[in-house]
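Take a look at the structure set out below.
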Amino acid sequence: METLDITMLIGLVLMVSALVILYRCVRRKSRRQRMNGLADTLLSTNDSLELQVSKLENLLGTLSDDNERCSALQYRAGQLQDTVDSLEYRRDELERENLSLERTHDELMRSNAALVEKADGLRDAIEKNGQAVVGLEQRIDTLRRIREGLEAAVENLPAEEVPYLSQPLFSLGIQPSAQNHLTAYGLRYVGDLVPHDEEYLMEIWGVGPATVERIKSKLGENGASLGMDVIRIDNRWYRRKTD
């Protein structure tokens, strides 16, 4: 009985020892697997770290480029700010000049309004004076005709009409410029011209010796001459007859 117990005890001890050995073997195998897994993990982590380091280096390069661009942009921003300040100063100057021009414009407008008003007044006065002069000329001409008519009737002086004297000045064939100067003196017809002498015509500006000779020649061709004693009634001229 005791031998059986010892045998069972030994068997139990051997069984326990086998279990311990088996456990240790299993444990060693598990540690090795974990070590292999850890090694694999470390290798993977190393690769990941190298990748991250590479990315970090690229990022640092990008940041360096960005920093240079930022510095350039800051410098450019400073230049733009200087330009803006200069433009604002110029704008203030232009605003002051514009204000001065507006004031000058207002003064000119007031002066122009005053000048326009004065010009209107002068124009009205000139028109009135011109009308008065025309009226006086017409009245003087009428009175002169009446006087000449009365003179012819009272003195009963014989006179004959000279139709050629009713011709306008251009019929003399003189230069238009000379004709304009004669017209300015109120000489519009040949009959207005013949009562005057050569000296009177030569005193008119723009009428020279050649024009006077042309007038004398043309008058002679038509039986007239300068210094004639004529009477005008309306637009008809009569030459006095002397016994």
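Identifiers in this document derive from the order of the structure tokens: chains are assigned A, B, ..., residues are numbered from 1 separately in each chain, and ligands are numbered from 1 in order of occurrence.
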(message) For the structure I just gave you, how does DSSP split region 64-173 of chain A - specifically, which residues are strand (DSSP E or B)? Reply as a ChimeraX atom specification.
(response) /A:159-161,168
Using all heavy atoms, can you write the selected residues to a file as a PDB file, in the first residue's frame?
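Produced file out_27.pdb, reproduced below:
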```
ATOM      1  N   ALA A 159     -32.475 171.823-116.365  1.00  0.00           N
ATOM      2  CA  ALA A 159     -31.625 170.664-116.058  1.00  0.00           C
ATOM      3  C   ALA A 159     -32.063 169.493-116.913  1.00  0.00           C
ATOM      4  O   ALA A 159     -33.230 169.394-117.308  1.00  0.00           O
ATOM      5  CB  ALA A 159     -31.718 170.309-114.581  1.00  0.00           C
ATOM      6  N   GLU A 160     -31.099 168.637-117.205  1.00  0.00           N
ATOM      7  CA  GLU A 160     -31.395 167.446-117.990  1.00  0.00           C
ATOM      8  C   GLU A 160     -30.958 166.198-117.223  1.00  0.00           C
ATOM      9  O   GLU A 160     -29.948 166.196-116.520  1.00  0.00           O
ATOM     10  CB  GLU A 160     -30.665 167.506-119.332  1.00  0.00           C
ATOM     11  CG  GLU A 160     -29.158 167.538-119.222  1.00  0.00           C
ATOM     12  CD  GLU A 160     -28.487 167.509-120.584  1.00  0.00           C
ATOM     13  OE1 GLU A 160     -29.190 167.250-121.574  1.00  0.00           O
ATOM     14  OE2 GLU A 160     -27.257 167.726-120.634  1.00  0.00           O
ATOM     15  N   GLU A 161     -31.742 165.136-117.334  1.00  0.00           N
ATOM     16  CA  GLU A 161     -31.434 163.897-116.621  1.00  0.00           C
ATOM     17  C   GLU A 161     -30.263 163.190-117.295  1.00  0.00           C
ATOM     18  O   GLU A 161     -30.166 163.150-118.525  1.00  0.00           O
ATOM     19  CB  GLU A 161     -32.647 162.973-116.592  1.00  0.00           C
ATOM     20  CG  GLU A 161     -32.402 161.696-115.804  1.00  0.00           C
ATOM     21  CD  GLU A 161     -33.611 160.776-115.784  1.00  0.00           C
ATOM     22  OE1 GLU A 161     -34.662 161.149-116.368  1.00  0.00           O
ATOM     23  OE2 GLU A 161     -33.510 159.676-115.192  1.00  0.00           O
ATOM     24  N   PRO A 168     -24.926 151.747-110.467  1.00  0.00           N
ATOM     25  CA  PRO A 168     -24.128 151.488-109.258  1.00  0.00           C
ATOM     26  C   PRO A 168     -22.639 151.587-109.556  1.00  0.00           C
ATOM     27  O   PRO A 168     -22.216 151.582-110.715  1.00  0.00           O
ATOM     28  CB  PRO A 168     -24.528 150.064-108.862  1.00  0.00           C
ATOM     29  CG  PRO A 168     -25.032 149.445-110.121  1.00  0.00           C
ATOM     30  CD  PRO A 168     -25.657 150.545-110.929  1.00  0.00           C
TER      31      PRO A 168
END
```
(request) Could you pull out the residues in region 71-214 of chain A that DSSP calls helix (DSSP H, G or I) from the backbone, as a PyMOL selection string? (result) chain A and resi 71-155+163-166+169-172+176-184+190-193+198-202+209-214
(message) Could you list, as an MDAnalysis selection string, every residue within 6 Å of region 219-231 of chain A, counting only C-alpha atoms and ignoring same-chain residues fewer than 5 positions away?
(response) chainID A and resid 194:197 237:240
With N, CA and C atoms retained, export the selected residues as a PDB file, in the first residue's frame.
```pdb
ATOM      1  N   VAL A 194     -19.765 161.842-108.864  1.00  0.00           N
ATOM      2  CA  VAL A 194     -19.357 162.910-109.787  1.00  0.00           C
ATOM      3  C   VAL A 194     -19.301 164.308-109.165  1.00  0.00           C
ATOM      4  N   PRO A 195     -20.046 164.630-108.101  1.00  0.00           N
ATOM      5  CA  PRO A 195     -19.914 165.987-107.560  1.00  0.00           C
ATOM      6  C   PRO A 195     -18.554 166.251-106.925  1.00  0.00           C
ATOM      7  N   HIS A 196     -17.772 165.211-106.629  1.00  0.00           N
ATOM      8  CA  HIS A 196     -16.489 165.376-105.941  1.00  0.00           C
ATOM      9  C   HIS A 196     -15.355 165.489-106.948  1.00  0.00           C
ATOM     10  N   ASP A 197     -14.204 166.018-106.451  1.00  0.00           N
ATOM     11  CA  ASP A 197     -13.041 166.162-107.324  1.00  0.00           C
ATOM     12  C   ASP A 197     -12.013 165.074-107.003  1.00  0.00           C
ATOM     13  N   TRP A 237     -30.543 161.522-111.357  1.00  0.00           N
ATOM     14  CA  TRP A 237     -29.636 162.670-111.305  1.00  0.00           C
ATOM     15  C   TRP A 237     -29.853 163.553-112.540  1.00  0.00           C
ATOM     16  N   TYR A 238     -29.826 164.869-112.267  1.00  0.00           N
ATOM     17  CA  TYR A 238     -30.027 165.856-113.332  1.00  0.00           C
ATOM     18  C   TYR A 238     -28.817 166.781-113.366  1.00  0.00           C
ATOM     19  N   ARG A 239     -28.360 167.074-114.582  1.00  0.00           N
ATOM     20  CA  ARG A 239     -27.238 167.995-114.759  1.00  0.00           C
ATOM     21  C   ARG A 239     -27.795 169.379-115.070  1.00  0.00           C
ATOM     22  N   ARG A 240     -27.277 170.357-114.302  1.00  0.00           N
ATOM     23  CA  ARG A 240     -27.726 171.728-114.531  1.00  0.00           C
ATOM     24  C   ARG A 240     -27.231 172.223-115.900  1.00  0.00           C
TER      25      ARG A 240
END
```
(message) Which residues are near region 173-182 of chain A? Cut-off 8 Å, only C-alpha atoms, ignore same chain within fewer than 2 positions. Put them as a ChimeraX atom specification.
(response) /A:169-171,184-188,204-207,211,214-215
Output for the residues just chosen: N, CA, C and O atoms as a PDB file, in the first residue's frame:
```
ATOM      1  N   LEU A 169     -21.835 151.643-108.500  1.00  0.00           N
ATOM      2  CA  LEU A 169     -20.397 151.866-108.659  1.00  0.00           C
ATOM      3  C   LEU A 169     -19.701 150.759-109.440  1.00  0.00           C
ATOM      4  O   LEU A 169     -18.715 151.011-110.129  1.00  0.00           O
ATOM      5  N   PHE A 170     -20.176 149.515-109.330  1.00  0.00           N
ATOM      6  CA  PHE A 170     -19.449 148.429-109.994  1.00  0.00           C
ATOM      7  C   PHE A 170     -19.452 148.581-111.510  1.00  0.00           C
ATOM      8  O   PHE A 170     -18.668 147.955-112.219  1.00  0.00           O
ATOM      9  N   SER A 171     -20.362 149.449-112.025  1.00  0.00           N
ATOM     10  CA  SER A 171     -20.386 149.677-113.472  1.00  0.00           C
ATOM     11  C   SER A 171     -19.145 150.424-113.948  1.00  0.00           C
ATOM     12  O   SER A 171     -18.865 150.454-115.145  1.00  0.00           O
ATOM     13  N   ALA A 184     -18.199 152.849 -98.182  1.00  0.00           N
ATOM     14  CA  ALA A 184     -18.131 153.216 -96.768  1.00  0.00           C
ATOM     15  C   ALA A 184     -18.286 154.718 -96.566  1.00  0.00           C
ATOM     16  O   ALA A 184     -18.694 155.167 -95.489  1.00  0.00           O
ATOM     17  N   TYR A 185     -17.981 155.511 -97.601  1.00  0.00           N
ATOM     18  CA  TYR A 185     -18.150 156.969 -97.533  1.00  0.00           C
ATOM     19  C   TYR A 185     -19.515 157.401 -98.060  1.00  0.00           C
ATOM     20  O   TYR A 185     -19.747 158.590 -98.292  1.00  0.00           O
ATOM     21  N   GLY A 186     -20.414 156.456 -98.275  1.00  0.00           N
ATOM     22  CA  GLY A 186     -21.755 156.794 -98.737  1.00  0.00           C
ATOM     23  C   GLY A 186     -21.869 156.975-100.234  1.00  0.00           C
ATOM     24  O   GLY A 186     -22.895 157.467-100.724  1.00  0.00           O
ATOM     25  N   LEU A 187     -20.849 156.589-100.982  1.00  0.00           N
ATOM     26  CA  LEU A 187     -20.860 156.734-102.437  1.00  0.00           C
ATOM     27  C   LEU A 187     -21.271 155.394-103.043  1.00  0.00           C
ATOM     28  O   LEU A 187     -20.447 154.499-103.221  1.00  0.00           O
ATOM     29  N   ARG A 188     -22.561 155.260-103.365  1.00  0.00           N
ATOM     30  CA  ARG A 188     -23.081 153.982-103.846  1.00  0.00           C
ATOM     31  C   ARG A 188     -23.379 153.989-105.346  1.00  0.00           C
ATOM     32  O   ARG A 188     -23.404 152.944-105.972  1.00  0.00           O
ATOM     33  N   ILE A 204      -9.540 159.313 -99.690  1.00  0.00           N
ATOM     34  CA  ILE A 204     -10.208 158.110 -99.182  1.00  0.00           C
ATOM     35  C   ILE A 204      -9.198 156.973 -99.156  1.00  0.00           C
ATOM     36  O   ILE A 204      -8.564 156.668-100.167  1.00  0.00           O
ATOM     37  N   TRP A 205      -9.052 156.346 -97.982  1.00  0.00           N
ATOM     38  CA  TRP A 205      -8.078 155.264 -97.839  1.00  0.00           C
ATOM     39  C   TRP A 205      -8.473 154.083 -98.722  1.00  0.00           C
ATOM     40  O   TRP A 205      -9.624 153.664 -98.756  1.00  0.00           O
ATOM     41  N   GLY A 206      -7.490 153.552 -99.466  1.00  0.00           N
ATOM     42  CA  GLY A 206      -7.745 152.422-100.350  1.00  0.00           C
ATOM     43  C   GLY A 206      -8.057 152.832-101.776  1.00  0.00           C
ATOM     44  O   GLY A 206      -8.255 151.968-102.636  1.00  0.00           O
ATOM     45  N   VAL A 207      -8.150 154.134-102.029  1.00  0.00           N
ATOM     46  CA  VAL A 207      -8.405 154.624-103.388  1.00  0.00           C
ATOM     47  C   VAL A 207      -7.134 155.321-103.866  1.00  0.00           C
ATOM     48  O   VAL A 207      -6.737 156.364-103.328  1.00  0.00           O
ATOM     49  N   THR A 211      -7.061 153.939-109.499  1.00  0.00           N
ATOM     50  CA  THR A 211      -8.520 153.870-109.390  1.00  0.00           C
ATOM     51  C   THR A 211      -9.156 155.172-109.864  1.00  0.00           C
ATOM     52  O   THR A 211     -10.176 155.164-110.577  1.00  0.00           O
ATOM     53  N   ARG A 214      -9.092 155.328-113.571  1.00  0.00           N
ATOM     54  CA  ARG A 214     -10.097 154.421-114.127  1.00  0.00           C
ATOM     55  C   ARG A 214     -11.481 155.057-114.055  1.00  0.00           C
ATOM     56  O   ARG A 214     -12.276 154.971-115.010  1.00  0.00           O
ATOM     57  N   ILE A 215     -11.776 155.719-112.936  1.00  0.00           N
ATOM     58  CA  ILE A 215     -13.078 156.378-112.781  1.00  0.00           C
ATOM     59  C   ILE A 215     -13.231 157.501-113.810  1.00  0.00           C
ATOM     60  O   ILE A 215     -14.270 157.635-114.482  1.00  0.00           O
TER      61      ILE A 215
END
```
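Separating CA of Met202 (chain A) from CA of Pro163 (chain A) is a distance of 25.8 Å.
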(request) In Å, rounded to a single decimal, give me how far CA of Tyr89 (chain A) is from CA of His105 (chain A). (result) 24.1 Å
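The interatomic distance for the pair CA of Lys218 (chain A) and CA of Leu172 (chain A) works out to 6.0 Å.
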